[in-house]
$ cat entry_9.cif   # mmCIF, C-alpha atoms and all ligand atoms
data_start
loop_
_atom_site.label_atom_id
_atom_site.label_comp_id
_atom_site.auth_asym_id
_atom_site.auth_seq_id
_atom_site.Cartn_x
_atom_site.Cartn_y
_atom_site.Cartn_z
CA MET A 1 100.50 86.20 110.71
CA ARG A 2 104.14 86.45 109.64
CA ARG A 3 106.51 87.18 112.52
CA PRO A 4 108.97 89.90 111.63
CA LEU A 5 112.61 88.84 111.32
CA ILE A 6 115.57 91.16 111.67
CA ALA A 7 118.80 89.49 110.50
CA GLY A 8 122.27 91.02 110.61
CA ASN A 9 124.72 90.35 107.81
CA TRP A 10 128.10 91.22 109.30
CA LYS A 11 129.97 90.53 106.06
CA MET A 12 133.77 90.21 106.45
CA ASN A 13 134.08 92.47 109.48
CA GLY A 14 135.36 92.35 113.01
CA SER A 15 137.64 90.27 115.16
CA LYS A 16 137.05 87.64 117.83
CA ALA A 17 136.99 90.36 120.48
CA GLU A 18 134.65 92.60 118.47
CA ALA A 19 132.32 89.74 117.62
CA THR A 20 132.12 88.83 121.32
CA GLN A 21 131.29 92.40 122.26
CA LEU A 22 128.71 92.76 119.51
CA LEU A 23 127.00 89.45 120.31
CA ASN A 24 126.81 90.35 124.01
CA GLY A 25 125.53 93.84 123.22
CA ILE A 26 122.79 92.56 120.93
CA LYS A 27 121.86 89.84 123.39
CA ALA A 28 121.38 92.35 126.20
CA GLY A 29 119.55 94.80 123.94
CA VAL A 30 116.92 92.44 122.56
CA ALA A 31 116.45 90.38 125.73
CA GLY A 32 112.92 91.59 126.48
CA MET A 33 111.59 91.42 122.92
CA GLN A 34 108.82 88.91 122.34
CA ARG A 35 107.27 89.53 118.94
CA VAL A 36 110.30 89.77 116.65
CA ASP A 37 112.73 87.08 115.53
CA VAL A 38 116.36 88.17 115.61
CA ALA A 39 119.33 86.58 113.86
CA VAL A 40 122.99 87.38 113.30
CA CYS A 41 125.16 86.14 110.46
CA PRO A 42 128.86 86.50 111.35
CA SER A 43 131.72 85.14 109.25
CA PHE A 44 132.26 81.36 109.43
CA PRO A 45 135.07 81.45 112.04
CA TYR A 46 132.85 83.27 114.53
CA LEU A 47 129.86 80.95 114.32
CA TYR A 48 131.17 79.00 117.29
CA LEU A 49 131.07 82.22 119.31
CA ALA A 50 127.45 82.76 118.37
CA GLU A 51 126.66 79.22 119.44
CA GLU A 52 128.54 79.71 122.72
CA LEU A 53 127.13 83.13 123.61
CA LEU A 54 123.60 82.94 122.21
CA ALA A 55 122.55 79.38 123.02
CA ASP A 56 120.63 80.56 126.09
CA SER A 57 118.91 83.38 124.18
CA ALA A 58 116.15 83.61 121.58
CA ILE A 59 118.59 84.98 118.99
CA ALA A 60 119.36 82.66 116.09
CA TRP A 61 122.53 82.66 114.02
CA GLY A 62 123.34 81.89 110.46
CA ALA A 63 126.08 81.83 107.85
CA GLN A 64 126.65 84.22 104.96
CA ASP A 65 126.93 81.41 102.43
CA VAL A 66 126.65 77.63 102.12
CA SER A 67 128.12 75.18 99.65
CA ALA A 68 125.98 73.69 96.90
CA GLN A 69 127.82 70.42 97.58
CA ALA A 70 127.08 67.94 100.35
CA GLY A 71 130.75 67.38 101.19
CA GLY A 72 134.07 66.13 99.84
CA ALA A 73 136.85 67.62 97.76
CA TYR A 74 135.67 71.24 97.69
CA THR A 75 138.49 73.24 99.22
CA GLY A 76 137.34 76.33 101.06
CA GLN A 77 133.66 75.50 101.03
CA VAL A 78 131.40 74.92 104.03
CA SER A 79 128.52 72.45 103.90
CA ALA A 80 125.02 72.71 105.31
CA ALA A 81 125.82 69.77 107.61
CA MET A 82 128.77 71.71 109.06
CA LEU A 83 126.56 74.73 109.66
CA LYS A 84 124.04 72.47 111.35
CA ASP A 85 126.87 71.22 113.56
CA PHE A 86 127.21 74.77 114.88
CA ALA A 87 123.41 74.99 115.34
CA CYS A 88 122.99 77.55 112.56
CA ARG A 89 119.39 78.20 111.66
CA TYR A 90 119.98 80.31 108.54
CA ALA A 91 122.30 80.68 105.57
CA ILE A 92 122.28 83.66 103.23
CA VAL A 93 122.42 82.56 99.58
CA GLY A 94 122.84 84.66 96.46
CA HIS A 95 123.93 87.88 98.13
CA SER A 96 124.66 90.40 95.38
CA GLU A 97 128.27 90.67 96.53
CA ARG A 98 128.71 86.95 95.87
CA ARG A 99 126.83 87.18 92.56
CA GLN A 100 129.04 90.09 91.45
CA LEU A 101 132.42 89.34 93.05
CA ASN A 102 132.38 85.53 93.07
CA GLY A 103 130.52 85.06 89.80
CA GLU A 104 127.65 83.11 91.34
CA ASP A 105 124.89 82.59 88.79
CA ASP A 106 121.22 81.76 89.29
CA ALA A 107 121.79 78.03 88.84
CA LEU A 108 124.47 77.91 91.55
CA VAL A 109 122.37 80.03 93.91
CA ALA A 110 119.39 77.73 93.36
CA SER A 111 121.60 74.71 94.13
CA LYS A 112 122.79 76.33 97.35
CA TYR A 113 119.19 77.09 98.28
CA ALA A 114 118.19 73.47 97.71
CA ARG A 115 121.20 72.14 99.61
CA ALA A 116 120.41 74.37 102.59
CA VAL A 117 116.80 73.20 102.72
CA ALA A 118 117.85 69.55 102.41
CA GLY A 119 120.29 70.07 105.28
CA GLY A 120 117.71 71.62 107.59
CA ILE A 121 119.07 75.16 107.21
CA VAL A 122 116.70 78.00 106.31
CA PRO A 123 118.09 79.80 103.24
CA ILE A 124 117.72 83.57 103.00
CA LEU A 125 117.62 84.08 99.25
CA CYS A 126 118.85 87.52 98.20
CA ILE A 127 117.39 89.01 95.07
CA GLY A 128 117.53 92.48 93.56
CA GLU A 129 118.36 94.65 90.62
CA THR A 130 121.29 96.94 89.88
CA LEU A 131 120.81 100.66 89.35
CA GLU A 132 121.17 100.25 85.62
CA GLU A 133 118.54 97.50 85.58
CA ARG A 134 116.13 99.68 87.59
CA GLU A 135 116.71 102.70 85.40
CA SER A 136 116.03 100.67 82.28
CA GLY A 137 112.74 99.39 83.73
CA ARG A 138 113.91 95.82 84.27
CA THR A 139 113.46 95.47 88.04
CA GLU A 140 110.61 92.95 87.82
CA GLU A 141 112.33 90.97 85.09
CA VAL A 142 115.45 90.60 87.25
CA VAL A 143 113.76 89.66 90.52
CA ALA A 144 111.48 87.27 88.62
CA ARG A 145 114.58 85.58 87.18
CA HIS A 146 116.11 85.25 90.65
CA ILE A 147 112.91 83.76 92.06
CA ASP A 148 112.21 81.51 89.08
CA ALA A 149 115.65 79.90 89.33
CA VAL A 150 114.56 78.38 92.66
CA LEU A 151 110.94 77.81 91.59
CA ASN A 152 112.01 75.90 88.49
CA SER A 153 114.61 73.73 90.17
CA SER A 154 113.07 73.06 93.59
CA GLY A 155 109.37 73.82 93.14
CA VAL A 156 107.20 76.25 95.07
CA GLU A 157 107.35 74.04 98.19
CA ALA A 158 110.95 75.20 98.66
CA PHE A 159 109.60 78.67 99.49
CA GLY A 160 107.80 77.12 102.42
CA ALA A 161 111.22 76.38 103.92
CA GLY A 162 113.06 79.60 103.10
CA ILE A 163 113.04 83.37 103.29
CA VAL A 164 113.50 85.95 100.53
CA ALA A 165 115.40 89.21 100.99
CA TYR A 166 114.82 91.92 98.41
CA GLU A 167 118.07 93.85 98.31
CA PRO A 168 118.30 96.38 95.50
CA VAL A 169 122.00 96.43 94.66
CA TRP A 170 122.00 100.24 94.41
CA ALA A 171 120.88 100.48 98.04
CA ILE A 172 123.44 98.11 99.59
CA GLY A 173 126.05 99.93 101.62
CA THR A 174 125.37 103.15 99.74
CA GLY A 175 123.26 105.00 102.29
CA VAL A 176 120.55 105.24 99.61
CA THR A 177 117.46 103.33 100.72
CA ALA A 178 114.55 102.26 98.55
CA THR A 179 111.51 104.29 99.54
CA PRO A 180 108.87 102.29 101.41
CA ASP A 181 106.68 102.47 98.27
CA GLN A 182 109.48 101.25 95.97
CA ALA A 183 110.27 98.36 98.30
CA GLN A 184 106.62 97.45 98.87
CA GLU A 185 106.00 97.39 95.12
CA VAL A 186 108.73 94.81 94.53
CA HIS A 187 107.77 92.77 97.61
CA ALA A 188 104.16 92.62 96.41
CA PHE A 189 105.38 91.52 92.98
CA VAL A 190 107.50 88.72 94.50
CA ARG A 191 104.69 87.52 96.74
CA GLY A 192 102.34 87.57 93.76
CA ARG A 193 104.72 85.49 91.70
CA ILE A 194 104.87 82.82 94.41
CA ALA A 195 101.09 83.10 94.92
CA SER A 196 100.51 82.24 91.28
CA LYS A 197 101.93 78.80 92.16
CA ASN A 198 100.68 78.42 95.73
CA GLN A 199 98.72 81.05 97.65
CA GLU A 200 99.23 79.53 101.06
CA ILE A 201 103.00 79.35 100.71
CA ALA A 202 103.08 82.92 99.40
CA ALA A 203 100.99 84.17 102.32
CA GLY A 204 103.37 82.60 104.83
CA LEU A 205 106.63 83.55 103.10
CA ARG A 206 108.74 86.08 104.98
CA LEU A 207 110.04 88.81 102.68
CA LEU A 208 112.81 90.95 104.14
CA TYR A 209 114.04 94.27 102.81
CA GLY A 210 117.78 94.94 102.73
CA GLY A 211 119.69 98.00 101.60
CA SER A 212 120.81 100.74 103.99
CA MET A 213 118.08 99.96 106.51
CA LYS A 214 118.77 101.99 109.64
CA PRO A 215 116.99 102.97 112.85
CA GLY A 216 115.70 106.10 111.10
CA ASN A 217 113.95 104.34 108.21
CA ALA A 218 113.18 100.88 109.62
CA VAL A 219 109.77 101.71 111.10
CA GLU A 220 108.35 102.99 107.83
CA LEU A 221 109.80 100.14 105.76
CA ILE A 222 108.64 97.37 108.11
CA ALA A 223 105.18 98.97 108.27
CA GLN A 224 104.60 98.05 104.61
CA PRO A 225 102.18 95.14 104.23
CA ASP A 226 104.61 92.87 102.36
CA ILE A 227 107.80 93.77 104.25
CA ASP A 228 108.33 91.30 107.07
CA GLY A 229 111.59 92.58 108.47
CA GLY A 230 115.07 93.36 107.30
CA LEU A 231 118.46 92.02 106.32
CA ILE A 232 120.82 94.55 107.80
CA GLY A 233 124.43 95.09 106.73
CA GLY A 234 126.25 98.16 108.03
CA ALA A 235 123.81 98.95 110.83
CA SER A 236 124.13 95.42 112.23
CA LEU A 237 127.72 96.17 113.24
CA LYS A 238 126.65 98.62 115.94
CA ALA A 239 124.69 96.93 118.71
CA ALA A 240 122.63 100.04 119.49
CA ASP A 241 121.56 100.53 115.86
CA PHE A 242 120.77 96.87 115.31
CA VAL A 243 118.78 96.69 118.55
CA ALA A 244 116.84 99.81 117.51
CA ILE A 245 115.90 98.12 114.21
CA CYS A 246 114.87 95.00 116.12
CA GLN A 247 112.68 97.25 118.28
CA ALA A 248 111.04 98.55 115.09
CA GLY A 249 110.28 94.92 114.20
CA GLU A 250 108.98 94.26 117.70
CA ASP A 251 106.69 97.30 117.56
CA SER A 252 105.37 96.41 114.09
CA ALA A 253 104.02 93.04 115.20
C1 LIG A 301 123.50 93.67 102.92
O1 LIG A 301 124.62 93.66 102.42
O2 LIG A 301 122.86 92.61 103.06
C2 LIG A 301 122.95 94.96 103.33
C3 LIG A 301 121.67 95.10 103.44
O3 LIG A 301 123.86 95.96 103.56
P1 LIG A 301 123.58 97.47 104.07
O4 LIG A 301 122.53 97.39 105.16
O5 LIG A 301 124.89 97.95 104.59
O6 LIG A 301 123.08 98.24 102.90
#
$ encode --input "entry_9.cif" --output "structure tokens"
Amino acid sequence: MRRPLIAGNWKMNGSKAEATQLLNGIKAGVAGMQRVDVAVCPSFPYLYLAEELLADSAIAWGAQDVSAQAGGAYTGQVSAAMLKDFACRYAIVGHSERRQLNGEDDALVASKYARAVAGGIVPILCIGETLEERESGRTEEVVARHIDAVLNSSGVEAFGAGIVAYEPVWAIGTGVTATPDQAQEVHAFVRGRIASKNQEIAAGLRLLYGGSMKPGNAVELIAQPDIDGGLIGGASLKAADFVAICQAGEDSA
């Protein structure tokens, strides 16, 4: 049985005071939940706050990126070992905003994934097609390419140590959500692709949906057989909304 995971991607938002308030609000809101895993991914400077405020809770924290390098002369980058130092459990890799705005290609994303796993951090690999790719019938081709980059460089075993988030680019921050059927179709395709290499790893792999998930659509999305939770952007910045999505995860288990 795969435990649902609800992870918040705060992106580049908030201040020290707002992060403190949000962390405390989420902590109070999910305190009684038993069957869902909850994680928050603030910006790097606020990870220490997560460690300070959440250490006595069941909530995990993670980073929004990790370097593909172990350490050294890489100005501005943050290594898996540094994240580990702040007790991070997760690191998002290959978010579409980084692919599009920072020019990250599949090879770099696969290196980041491998570096996270080697450093004891669980990578959350983001995959997904643009609107143009969907409309031209290339959704499966694109997500297969994103998955295969990791499969080919690290082997299927790497998916035993990570999480995949299907995030159609056209649904991120747009208010347009994939329908449960659209999301389930892609999730089933991804799980099938991993299963063709190793059925056991595929059966245990947590596949999150991301893209305008909100309290109003979370229940239906998470109810899909291959959707094991969500990666939440905008709605993770309001404690009440994020807690409501966590409750949907709790109730689905
Ligand atoms: C994201 O950026 O990971 C995301 C899912 O954003 P939103 O929920 O705002 O669409």
$ residues_around --input "entry_9.cif" --residues "A:Leu5" --least-positions-apart "2" --cutoff "10 Å" --atoms "all atoms listed in the file" --output "mmCIF file with C-alpha atoms, in the coordinates of the input"
data_model
loop_
_atom_site.group_PDB
_atom_site.id
_atom_site.type_symbol
_atom_site.label_atom_id
_atom_site.label_comp_id
_atom_site.auth_asym_id
_atom_site.auth_seq_id
_atom_site.Cartn_x
_atom_site.Cartn_y
_atom_site.Cartn_z
ATOM 1 C CA ARG A 2 104.140 86.450 109.640
ATOM 2 C CA ARG A 3 106.510 87.180 112.520
ATOM 3 C CA ALA A 7 118.800 89.490 110.500
ATOM 4 C CA GLY A 8 122.270 91.020 110.610
ATOM 5 C CA ARG A 35 107.270 89.530 118.940
ATOM 6 C CA VAL A 36 110.300 89.770 116.650
ATOM 7 C CA ASP A 37 112.730 87.080 115.530
ATOM 8 C CA VAL A 38 116.360 88.170 115.610
ATOM 9 C CA ALA A 39 119.330 86.580 113.860
ATOM 10 C CA ILE A 163 113.040 83.370 103.290
ATOM 11 C CA ARG A 206 108.740 86.080 104.980
ATOM 12 C CA LEU A 207 110.040 88.810 102.680
ATOM 13 C CA LEU A 208 112.810 90.950 104.140
ATOM 14 C CA ILE A 222 108.640 97.370 108.110
ATOM 15 C CA ILE A 227 107.800 93.770 104.250
ATOM 16 C CA ASP A 228 108.330 91.300 107.070
ATOM 17 C CA GLY A 229 111.590 92.580 108.470
ATOM 18 C CA GLY A 230 115.070 93.360 107.300
ATOM 19 C CA LEU A 231 118.460 92.020 106.320
ATOM 20 C CA CYS A 246 114.870 95.000 116.120
ATOM 21 C CA GLY A 249 110.280 94.920 114.200
ATOM 22 C CA GLU A 250 108.980 94.260 117.700
#
$ residues_near_ligand --input "entry_9.cif" --ligand "ligand LIG 301 (chain A)" --cutoff "10 Å" --atoms "all atoms listed in the file" --output "MDAnalysis selection string"
chainID A and resid 7:11 64 92 95:97 126 165:177 208:214 230:237
$ atom_distance --input "entry_9.cif" --atom1 "atom CA of A:Asp56" --atom2 "atom CA of A:Ala31"
10.7 Å
$ atom_distance --input "entry_9.cif" --atom1 "atom CA of A:Phe159" --atom2 "atom CA of A:Ser196"
12.8 Å
$ residues_near_point --input "entry_9.cif" --point "(124.7, 82.6, 108.5)" --cutoff "8 Å" --atoms "all atoms listed in the file" --output "MDAnalysis selection string"
chainID A and resid 9 40:44 47 61:65 88:92
$ closest_residue --input "entry_9.cif" --among "A:Leu83, A:Ala70, A:Leu23, A:Ala114" --to "A:Val150" --atoms "only C-alpha atoms"
A:Ala114
$ residues_near_point --input "entry_9.cif" --point "(134.4, 83.3, 120.2)" --cutoff "6 Å" --atoms "all atoms listed in the file" --output "list in words"
Lys16, Tyr46 and Leu49 of chain A
$ atom_distance --input "entry_9.cif" --atom1 "atom CA of A:Gly29" --atom2 "atom CA of A:Ala60"
14.5 Å
$ closest_residue --input "entry_9.cif" --among "A:Val190, A:Gly162, A:Thr179, A:Gln247" --to "A:Glu220" --atoms "all atoms listed in the file"
A:Thr179
$ build_atoms --input "entry_9.cif" --residues "stretch 18-29 of chain A" --atoms "all heavy atoms" --output "short mmCIF file (atom, residue, chain, number, x, y, z; two decimals), in the coordinates of the input"
data_model
loop_
_atom_site.label_atom_id
_atom_site.label_comp_id
_atom_site.auth_asym_id
_atom_site.auth_seq_id
_atom_site.Cartn_x
_atom_site.Cartn_y
_atom_site.Cartn_z
N GLU A 18 135.78 91.75 118.88
CA GLU A 18 134.65 92.60 118.47
C GLU A 18 133.37 91.80 118.32
O GLU A 18 132.28 92.26 118.68
CB GLU A 18 134.99 93.32 117.16
CG GLU A 18 135.98 94.46 117.36
CD GLU A 18 136.62 94.94 116.07
OE1 GLU A 18 136.58 94.20 115.05
OE2 GLU A 18 137.18 96.04 116.08
N ALA A 19 133.50 90.59 117.78
CA ALA A 19 132.32 89.74 117.62
C ALA A 19 131.72 89.41 118.99
O ALA A 19 130.50 89.43 119.17
CB ALA A 19 132.68 88.45 116.87
N THR A 20 132.59 89.15 119.96
CA THR A 20 132.12 88.83 121.32
C THR A 20 131.35 90.01 121.90
O THR A 20 130.25 89.85 122.44
CB THR A 20 133.33 88.50 122.23
OG1 THR A 20 134.03 87.41 121.65
CG2 THR A 20 132.90 88.15 123.64
N GLN A 21 131.93 91.19 121.73
CA GLN A 21 131.29 92.40 122.26
C GLN A 21 129.95 92.67 121.58
O GLN A 21 128.95 92.98 122.23
CB GLN A 21 132.24 93.57 122.00
CG GLN A 21 132.04 94.70 122.97
CD GLN A 21 133.06 95.82 122.69
OE1 GLN A 21 133.73 95.86 121.66
NE2 GLN A 21 133.15 96.73 123.63
N LEU A 22 129.93 92.50 120.28
CA LEU A 22 128.71 92.76 119.51
C LEU A 22 127.62 91.75 119.88
O LEU A 22 126.45 92.12 120.10
CB LEU A 22 129.04 92.70 118.01
CG LEU A 22 128.01 93.14 117.00
CD1 LEU A 22 127.43 94.52 117.33
CD2 LEU A 22 128.64 93.18 115.60
N LEU A 23 127.99 90.48 119.96
CA LEU A 23 127.00 89.45 120.31
C LEU A 23 126.43 89.73 121.70
O LEU A 23 125.21 89.65 121.91
CB LEU A 23 127.63 88.06 120.26
CG LEU A 23 127.97 87.55 118.85
CD1 LEU A 23 128.85 86.31 118.92
CD2 LEU A 23 126.70 87.26 118.05
N ASN A 24 127.29 90.07 122.65
CA ASN A 24 126.81 90.35 124.01
C ASN A 24 125.93 91.60 124.04
O ASN A 24 124.92 91.64 124.74
CB ASN A 24 127.99 90.49 124.99
CG ASN A 24 128.56 89.12 125.36
OD1 ASN A 24 127.84 88.12 125.40
ND2 ASN A 24 129.86 89.06 125.61
N GLY A 25 126.31 92.60 123.26
CA GLY A 25 125.53 93.84 123.22
C GLY A 25 124.14 93.61 122.64
O GLY A 25 123.14 94.09 123.17
N ILE A 26 124.08 92.84 121.57
CA ILE A 26 122.79 92.56 120.93
C ILE A 26 121.93 91.70 121.87
O ILE A 26 120.73 91.95 122.05
CB ILE A 26 123.00 91.86 119.57
CG1 ILE A 26 123.66 92.84 118.58
CG2 ILE A 26 121.68 91.34 119.01
CD1 ILE A 26 124.16 92.19 117.30
N LYS A 27 122.59 90.74 122.48
CA LYS A 27 121.86 89.84 123.39
C LYS A 27 121.20 90.64 124.53
O LYS A 27 120.02 90.45 124.83
CB LYS A 27 122.85 88.82 123.97
CG LYS A 27 122.24 87.73 124.79
CD LYS A 27 123.33 86.76 125.21
CE LYS A 27 122.85 85.75 126.20
NZ LYS A 27 123.93 84.83 126.61
N ALA A 28 121.94 91.55 125.11
CA ALA A 28 121.38 92.35 126.20
C ALA A 28 120.28 93.27 125.67
O ALA A 28 119.23 93.42 126.30
CB ALA A 28 122.49 93.18 126.85
N GLY A 29 120.49 93.82 124.48
CA GLY A 29 119.55 94.80 123.94
C GLY A 29 118.20 94.24 123.53
O GLY A 29 117.19 94.92 123.60
#
